[in-house]
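Asks: My questions all concern the structure below.
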Amino acid sequence: MPTDLELARASCQLDINPIHDLLLLPSRQLLRNKVRIILEKEPLWDLTVRPHLSQAQSLLRSLRLCHRLLQLRKLHSWSQEEYREAISLSDDSLPTTLHEIAFINIIYSQGTDEQREQWLPRCQRLEFVGCYAQTEVAHGSNVQGLMTTATYDCEDGRDEFIIDSGGIEGAKWWIGGAGVLANVALVQAILKVPRRDGGVESLGPHLFIVPIRSLRTHLPLPGVTVGDIGPKAYGGLACVDNAYIKFDNVRIPRGNMLMRFAELARGGEYTKAKHDKISYGSMVTLRAGIPENIGWALGKAVTTAIRYCVVRRQFTSPGEQGGSEIQVINYASVKHQLFPLLAQSYAFILCGREFRNQYAQMQEQLVTRGDTSMLPEIHSLSTALKVATTNDAVGGMEGARRAMGGHGFSWMSGVGVWWANYTPSQTYEG
């Protein structure tokens, strides 16, 4: 006898293949299937162990996943796209996620050709594992108000920056991937340049590549205090080692400032970027993938809830004795709650994909021609889409959880875990 779920699928009047191709482009399907077949055979990707792990054990498991992904990349000669697809299929934010989507991408987009050549090959083979260090104890999205400074020192033939947090409030905080793993940080700091009259000119936020751990021992370098900030609310992001980093007069070469758009020459001559929003480019990079990614997360949560409500039965029709209970999905209130959320997930995925394409076009124009014409609109869109999609999707996940009643509160439903992991998306990246 067919199950309720089998009957529901058999009664569907829609051809789901065009919908599938719309949501997941055929080229992406081929890429995903190739990687998925490999990961399904890997014991480390067994999700049944996750509910029983502590925060420390979850982090250790995520580090093992990262290590195994590197082994699989080498074993199967994965391209960079295949490797990143494998990361996305891991269902958890891994300690190397921000290294891949932020650290490498920002060096590519804002570093000079020489800086790319110096850093990117070593980053791609994970000799350098990077993090993005903007948020401080006392400041976040307000990059103009950051307390961390990068003061240029050209005295006695020196050609260096001095990176300093300026106190506990200027310590970097919430820095993903740096609690135990990263050995280098991409630091947002206020550039300060001494002038001939003896004063110091503040030139606003710029990006600096700052080593934080020894490549030989992995211990913090002199002047660097770094560690994991501990468990997060609701048990979310247990697989990510969010860090604090404090800099105490750490010296780096002048060449460690990313200088594709703004440049500081030896001796202190400064060339300003063409557009004053260039300094926000790194935040736009981080926001670019959020709408599509959270659309998929909402879609998973709502699909889980709908399937549950198809097989869950509750109450009989009034006046009916001894009949079958009604499928929960047939209650109008449940349809009203879940079906709009499913449609919303489609909208977020498609809108997010289009925005990512526009962002890629802007990056290409910016990097190859220095064309900043698209930057103001992309910056505004990234802000609006990030706020709207994260707020609605996180609320939608909670609605999906409630639709499953008591079972929705179980870790095993999966929905509560996605909600906990995506709740902070309403806060991070502004």
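Chain identifiers are assigned as A, B, and so on, following the order in which chains appear in the structure tokens; residues are numbered from 1 within each chain, and ligands are numbered from 1 in order of appearance.
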Range 25-137 of chain A near range 223-240 of chain A within 6 Å: what's each residue's closest atom pair and its distance in Å to one decimal, counting only C-alpha atoms, ordered by chain then ascending residue number, as a tab-separated table?

Replies:
```
residue	atom	partner	partner_atom	distance
A:Gln55	CA	A:Ala238	CA	5.4
A:Ser58	CA	A:Cys239	CA	5.3
A:Leu59	CA	A:Cys239	CA	4.5
A:Ser62	CA	A:Cys239	CA	5.6
A:Leu94	CA	A:Val240	CA	5.8
A:Pro95	CA	A:Val240	CA	5.1
```

Asks: Extract, using only C-alpha atoms, all DNA, RNA and protein residues at most 9 Å from Arg353 in chain A, discarding same-chain residues fewer than 5 positions from it, and format them as a PyMOL selection string.

Replies: chain A and resi 289+291-292+348+358

Asks: For the residues in that selection, give me N, CA and C atoms as a PDB file, in the first residue's frame.

Replies:
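The new file out_0.pdb reads:
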```
ATOM      1  N   GLY A 289      26.673  36.497  -1.750  1.00  0.00           N
ATOM      2  CA  GLY A 289      26.079  35.169  -1.827  1.00  0.00           C
ATOM      3  C   GLY A 289      24.975  34.896  -0.826  1.00  0.00           C
ATOM      4  N   PRO A 291      21.778  36.213  -0.209  1.00  0.00           N
ATOM      5  CA  PRO A 291      20.360  36.010  -0.589  1.00  0.00           C
ATOM      6  C   PRO A 291      20.087  34.637  -1.199  1.00  0.00           C
ATOM      7  N   GLU A 292      20.944  34.183  -2.120  1.00  0.00           N
ATOM      8  CA  GLU A 292      20.718  32.880  -2.731  1.00  0.00           C
ATOM      9  C   GLU A 292      20.905  31.752  -1.717  1.00  0.00           C
ATOM     10  N   PHE A 348      13.893  34.118  -3.428  1.00  0.00           N
ATOM     11  CA  PHE A 348      15.212  34.458  -2.893  1.00  0.00           C
ATOM     12  C   PHE A 348      16.328  33.810  -3.713  1.00  0.00           C
ATOM     13  N   GLN A 358      25.164  40.110 -11.215  1.00  0.00           N
ATOM     14  CA  GLN A 358      25.454  41.534 -11.323  1.00  0.00           C
ATOM     15  C   GLN A 358      26.715  41.899 -10.545  1.00  0.00           C
TER      16      GLN A 358
END
```

Asks: Neighbouring residues of His275 in chain A were defined as those with any atom within 10 Å, considering only C-alpha atoms; residues of the same chain fewer than 4 positions away were excluded. Please report them as a CSV table (one decimal) with N, CA and C atoms, in the first residue's frame.

Replies:
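Now in around_31.csv:
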```csv
chain,number,residue,atom,x,y,z
A,261,PHE,N,43.5,49.8,-5.8
A,261,PHE,CA,42.7,51.1,-6.0
A,261,PHE,C,43.3,52.3,-5.3
A,262,ALA,N,43.8,52.1,-4.0
A,262,ALA,CA,44.4,53.2,-3.3
A,262,ALA,C,45.9,52.7,-3.1
A,279,SER,N,36.3,51.1,-0.2
A,279,SER,CA,36.6,50.5,1.1
A,279,SER,C,35.5,49.6,1.6
A,370,GLY,N,39.0,49.3,-13.8
A,370,GLY,CA,38.9,50.4,-12.7
A,370,GLY,C,37.5,51.1,-12.8
A,371,ASP,N,36.5,50.5,-13.4
A,371,ASP,CA,35.2,51.1,-13.6
A,371,ASP,C,34.4,51.0,-12.4
A,372,THR,N,34.1,52.1,-11.7
A,372,THR,CA,33.3,52.0,-10.5
A,372,THR,C,31.8,52.4,-10.7
A,373,SER,N,31.4,52.4,-11.9
A,373,SER,CA,30.0,52.9,-12.2
A,373,SER,C,28.9,52.1,-11.5
A,375,LEU,N,29.3,50.3,-8.7
A,375,LEU,CA,29.5,50.1,-7.3
A,375,LEU,C,28.5,50.7,-6.4
A,376,PRO,N,28.0,51.9,-6.6
A,376,PRO,CA,27.0,52.5,-5.7
A,376,PRO,C,25.7,51.6,-5.6
```

Asks: Can you work out the spacing between CA of Ile306 in chain A and CA of Ile16 in chain A in Å, to one decimal?

Replies: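 Distance between the two atoms: 16.2 Å.
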
Asks: Could you name the residues that touch Arg307 in chain A at 12 Å or less, counting only C-alpha atoms, but leaving out those on the same chain fewer than 3 positions away, as a list in words?

Replies: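 The contact residues come out as Thr3, Asp4, Leu5, Glu6, Leu7, Ala8, Arg9, Lys300, Ala301, Val302, Thr303, Thr304, Val310, Val311, Arg312, Arg313, Gln327, Val328, Ile329, Leu338, Phe339, Ala400, Ala403, Met404 and Ser413 of chain A.
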
Asks: Can you write out as JSON lines which residues of range 217-244 of chain A fall within 12 Å of range 117-135 of chain A, alongside each residue's closest atom pair and its distance in Å to one decimal, counting only C-alpha atoms and ordering rows by chain and ascending residue number?

Replies:
```
{"residue": "A:His218", "atom": "CA", "partner": "A:Phe128", "partner_atom": "CA", "distance": 11.2}
{"residue": "A:Val226", "atom": "CA", "partner": "A:Ala133", "partner_atom": "CA", "distance": 11.7}
{"residue": "A:Val240", "atom": "CA", "partner": "A:Cys131", "partner_atom": "CA", "distance": 11.7}
{"residue": "A:Asp241", "atom": "CA", "partner": "A:Cys131", "partner_atom": "CA", "distance": 10.7}
{"residue": "A:Asn242", "atom": "CA", "partner": "A:Cys131", "partner_atom": "CA", "distance": 9.9}
{"residue": "A:Ala243", "atom": "CA", "partner": "A:Ala133", "partner_atom": "CA", "distance": 9.4}
{"residue": "A:Tyr244", "atom": "CA", "partner": "A:Ala133", "partner_atom": "CA", "distance": 9.2}
```

Asks: What's the 12 Å shell around Leu341 in chain A, counting only C-alpha atoms, without same-chain residues fewer than 3 positions away, as number ranges by chain?

Replies: A: 295-303, 305-306, 334-338, 344-348, 389, 392-400, 403

Asks: Atoms to include: N, CA and C atoms. Write the selected residues as an mmCIF file, in the first residue's frame.

Replies:
```cif
data_model
loop_
_atom_site.group_PDB
_atom_site.id
_atom_site.type_symbol
_atom_site.label_atom_id
_atom_site.label_comp_id
_atom_site.auth_asym_id
_atom_site.auth_seq_id
_atom_site.Cartn_x
_atom_site.Cartn_y
_atom_site.Cartn_z
ATOM 1 N N GLY A 295 18.097 31.525 0.628
ATOM 2 C CA GLY A 295 16.927 31.012 -0.075
ATOM 3 C C GLY A 295 16.911 29.495 -0.097
ATOM 4 N N TRP A 296 18.079 28.892 -0.337
ATOM 5 C CA TRP A 296 18.169 27.433 -0.309
ATOM 6 C C TRP A 296 17.905 26.898 1.106
ATOM 7 N N ALA A 297 18.419 27.583 2.115
ATOM 8 C CA ALA A 297 18.191 27.130 3.493
ATOM 9 C C ALA A 297 16.713 27.186 3.849
ATOM 10 N N LEU A 298 16.042 28.275 3.482
ATOM 11 C CA LEU A 298 14.599 28.367 3.725
ATOM 12 C C LEU A 298 13.869 27.280 2.954
ATOM 13 N N GLY A 299 14.277 27.042 1.703
ATOM 14 C CA GLY A 299 13.635 26.001 0.904
ATOM 15 C C GLY A 299 13.748 24.633 1.533
ATOM 16 N N LYS A 300 14.910 24.314 2.089
ATOM 17 C CA LYS A 300 15.095 23.016 2.759
ATOM 18 C C LYS A 300 14.179 22.905 3.979
ATOM 19 N N ALA A 301 14.109 23.993 4.753
ATOM 20 C CA ALA A 301 13.285 23.956 5.963
ATOM 21 C C ALA A 301 11.812 23.776 5.618
ATOM 22 N N VAL A 302 11.315 24.520 4.629
ATOM 23 C CA VAL A 302 9.902 24.455 4.265
ATOM 24 C C VAL A 302 9.577 23.116 3.607
ATOM 25 N N THR A 303 10.476 22.611 2.769
ATOM 26 C CA THR A 303 10.247 21.303 2.145
ATOM 27 C C THR A 303 10.144 20.215 3.205
ATOM 28 N N ALA A 305 9.156 20.622 6.288
ATOM 29 C CA ALA A 305 7.885 20.804 6.995
ATOM 30 C C ALA A 305 6.701 20.323 6.158
ATOM 31 N N ILE A 306 6.708 20.612 4.861
ATOM 32 C CA ILE A 306 5.614 20.172 3.995
ATOM 33 C C ILE A 306 5.556 18.651 3.939
ATOM 34 N N VAL A 334 -2.412 25.594 7.688
ATOM 35 C CA VAL A 334 -1.067 25.071 7.421
ATOM 36 C C VAL A 334 -0.617 25.452 6.007
ATOM 37 N N LYS A 335 -1.536 25.305 5.049
ATOM 38 C CA LYS A 335 -1.202 25.728 3.683
ATOM 39 C C LYS A 335 -0.866 27.214 3.640
ATOM 40 N N HIS A 336 -1.666 27.995 4.350
ATOM 41 C CA HIS A 336 -1.448 29.435 4.374
ATOM 42 C C HIS A 336 -0.082 29.776 4.974
ATOM 43 N N GLN A 337 0.359 28.953 5.910
ATOM 44 C CA GLN A 337 1.651 29.214 6.557
ATOM 45 C C GLN A 337 2.831 28.763 5.700
ATOM 46 N N LEU A 338 2.722 27.586 5.060
ATOM 47 C CA LEU A 338 3.883 26.986 4.411
ATOM 48 C C LEU A 338 4.026 27.312 2.929
ATOM 49 N N GLN A 344 8.457 31.981 -1.478
ATOM 50 C CA GLN A 344 9.450 32.973 -1.090
ATOM 51 C C GLN A 344 10.870 32.433 -1.256
ATOM 52 N N SER A 345 11.066 31.167 -0.952
ATOM 53 C CA SER A 345 12.401 30.572 -1.117
ATOM 54 C C SER A 345 12.803 30.574 -2.589
ATOM 55 N N TYR A 346 11.852 30.288 -3.483
ATOM 56 C CA TYR A 346 12.146 30.359 -4.921
ATOM 57 C C TYR A 346 12.583 31.781 -5.298
ATOM 58 N N ALA A 347 11.836 32.769 -4.782
ATOM 59 C CA ALA A 347 12.139 34.164 -5.114
ATOM 60 C C ALA A 347 13.536 34.547 -4.636
ATOM 61 N N PHE A 348 13.893 34.118 -3.428
ATOM 62 C CA PHE A 348 15.212 34.458 -2.893
ATOM 63 C C PHE A 348 16.328 33.810 -3.713
ATOM 64 N N THR A 389 16.183 39.450 2.942
ATOM 65 C CA THR A 389 16.157 37.989 2.811
ATOM 66 C C THR A 389 16.466 37.294 4.125
ATOM 67 N N ASP A 392 13.369 37.681 6.582
ATOM 68 C CA ASP A 392 12.207 36.879 6.193
ATOM 69 C C ASP A 392 12.502 35.384 6.233
ATOM 70 N N ALA A 393 13.711 35.000 5.838
ATOM 71 C CA ALA A 393 14.027 33.571 5.796
ATOM 72 C C ALA A 393 14.143 32.976 7.193
ATOM 73 N N VAL A 394 14.781 33.693 8.107
ATOM 74 C CA VAL A 394 14.905 33.172 9.477
ATOM 75 C C VAL A 394 13.525 33.066 10.121
ATOM 76 N N GLY A 395 12.676 34.078 9.907
ATOM 77 C CA GLY A 395 11.305 33.981 10.403
ATOM 78 C C GLY A 395 10.549 32.831 9.754
ATOM 79 N N GLY A 396 10.801 32.606 8.468
ATOM 80 C CA GLY A 396 10.162 31.499 7.761
ATOM 81 C C GLY A 396 10.593 30.140 8.278
ATOM 82 N N MET A 397 11.863 30.015 8.625
ATOM 83 C CA MET A 397 12.342 28.744 9.191
ATOM 84 C C MET A 397 11.649 28.442 10.515
ATOM 85 N N GLU A 398 11.466 29.467 11.328
ATOM 86 C CA GLU A 398 10.758 29.269 12.595
ATOM 87 C C GLU A 398 9.295 28.901 12.332
ATOM 88 N N GLY A 399 8.687 29.506 11.308
ATOM 89 C CA GLY A 399 7.325 29.130 10.951
ATOM 90 C C GLY A 399 7.237 27.689 10.492
ATOM 91 N N ALA A 400 8.229 27.236 9.725
ATOM 92 C CA ALA A 400 8.268 25.840 9.284
ATOM 93 C C ALA A 400 8.424 24.903 10.469
ATOM 94 N N ALA A 403 5.159 24.545 12.324
ATOM 95 C CA ALA A 403 4.167 23.769 11.573
ATOM 96 C C ALA A 403 4.306 22.275 11.831
#
```

Asks: Select, from A:Leu181, A:Val284, A:Leu350, A:Leu60, the residue with the minimum atom-to-atom distance to Ser141 in chain A, counting only C-alpha atoms.

Replies: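 Between A:Leu181, A:Val284, A:Leu350, A:Leu60, the residue approaching Ser141 in chain A most closely is A:Val284.
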
Asks: Smallest atom-to-atom distance to Glu82 in chain A: which of A:Ser109, A:Ser54, A:Asn33, A:Gln115, using only C-alpha atoms?

Replies: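 Of all the options, A:Asn33 lies closest to Glu82 in chain A.
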
Asks: Which of range 99-276 of chain A end up as strand (DSSP E or B) when DSSP is run on this backbone - answer as a ChimeraX atom specification?

Replies: /A:130-133,136,149-153,160-164,172-175,184-194,200-211,213,220,224-228,243-247,250-253,257,263-264,270-271

Asks: Between CA of Gly176 in chain A and CA of Leu98 in chain A, what distance in Å does the model show, to one decimal?

Replies: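 Computing the Euclidean distance for CA of Gly176 in chain A and CA of Leu98 in chain A yields 6.8 Å.
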
Asks: Which is closest to Leu258 in chain A among A:Met374, A:Cys66, A:Cys12, A:Ile106, if we use only C-alpha atoms?

Replies: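 Of the candidates, the smallest distance to Leu258 in chain A is held by A:Ile106.
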
Asks: Find the spatial neighbours of Val49 in chain A, counting only C-alpha atoms, within a cut-off of 12 Å - ignore same-chain residues fewer than 6 positions away - and output them as a VMD selection string.

Replies: chain A and resid 43 57 to 58 61 411 to 412
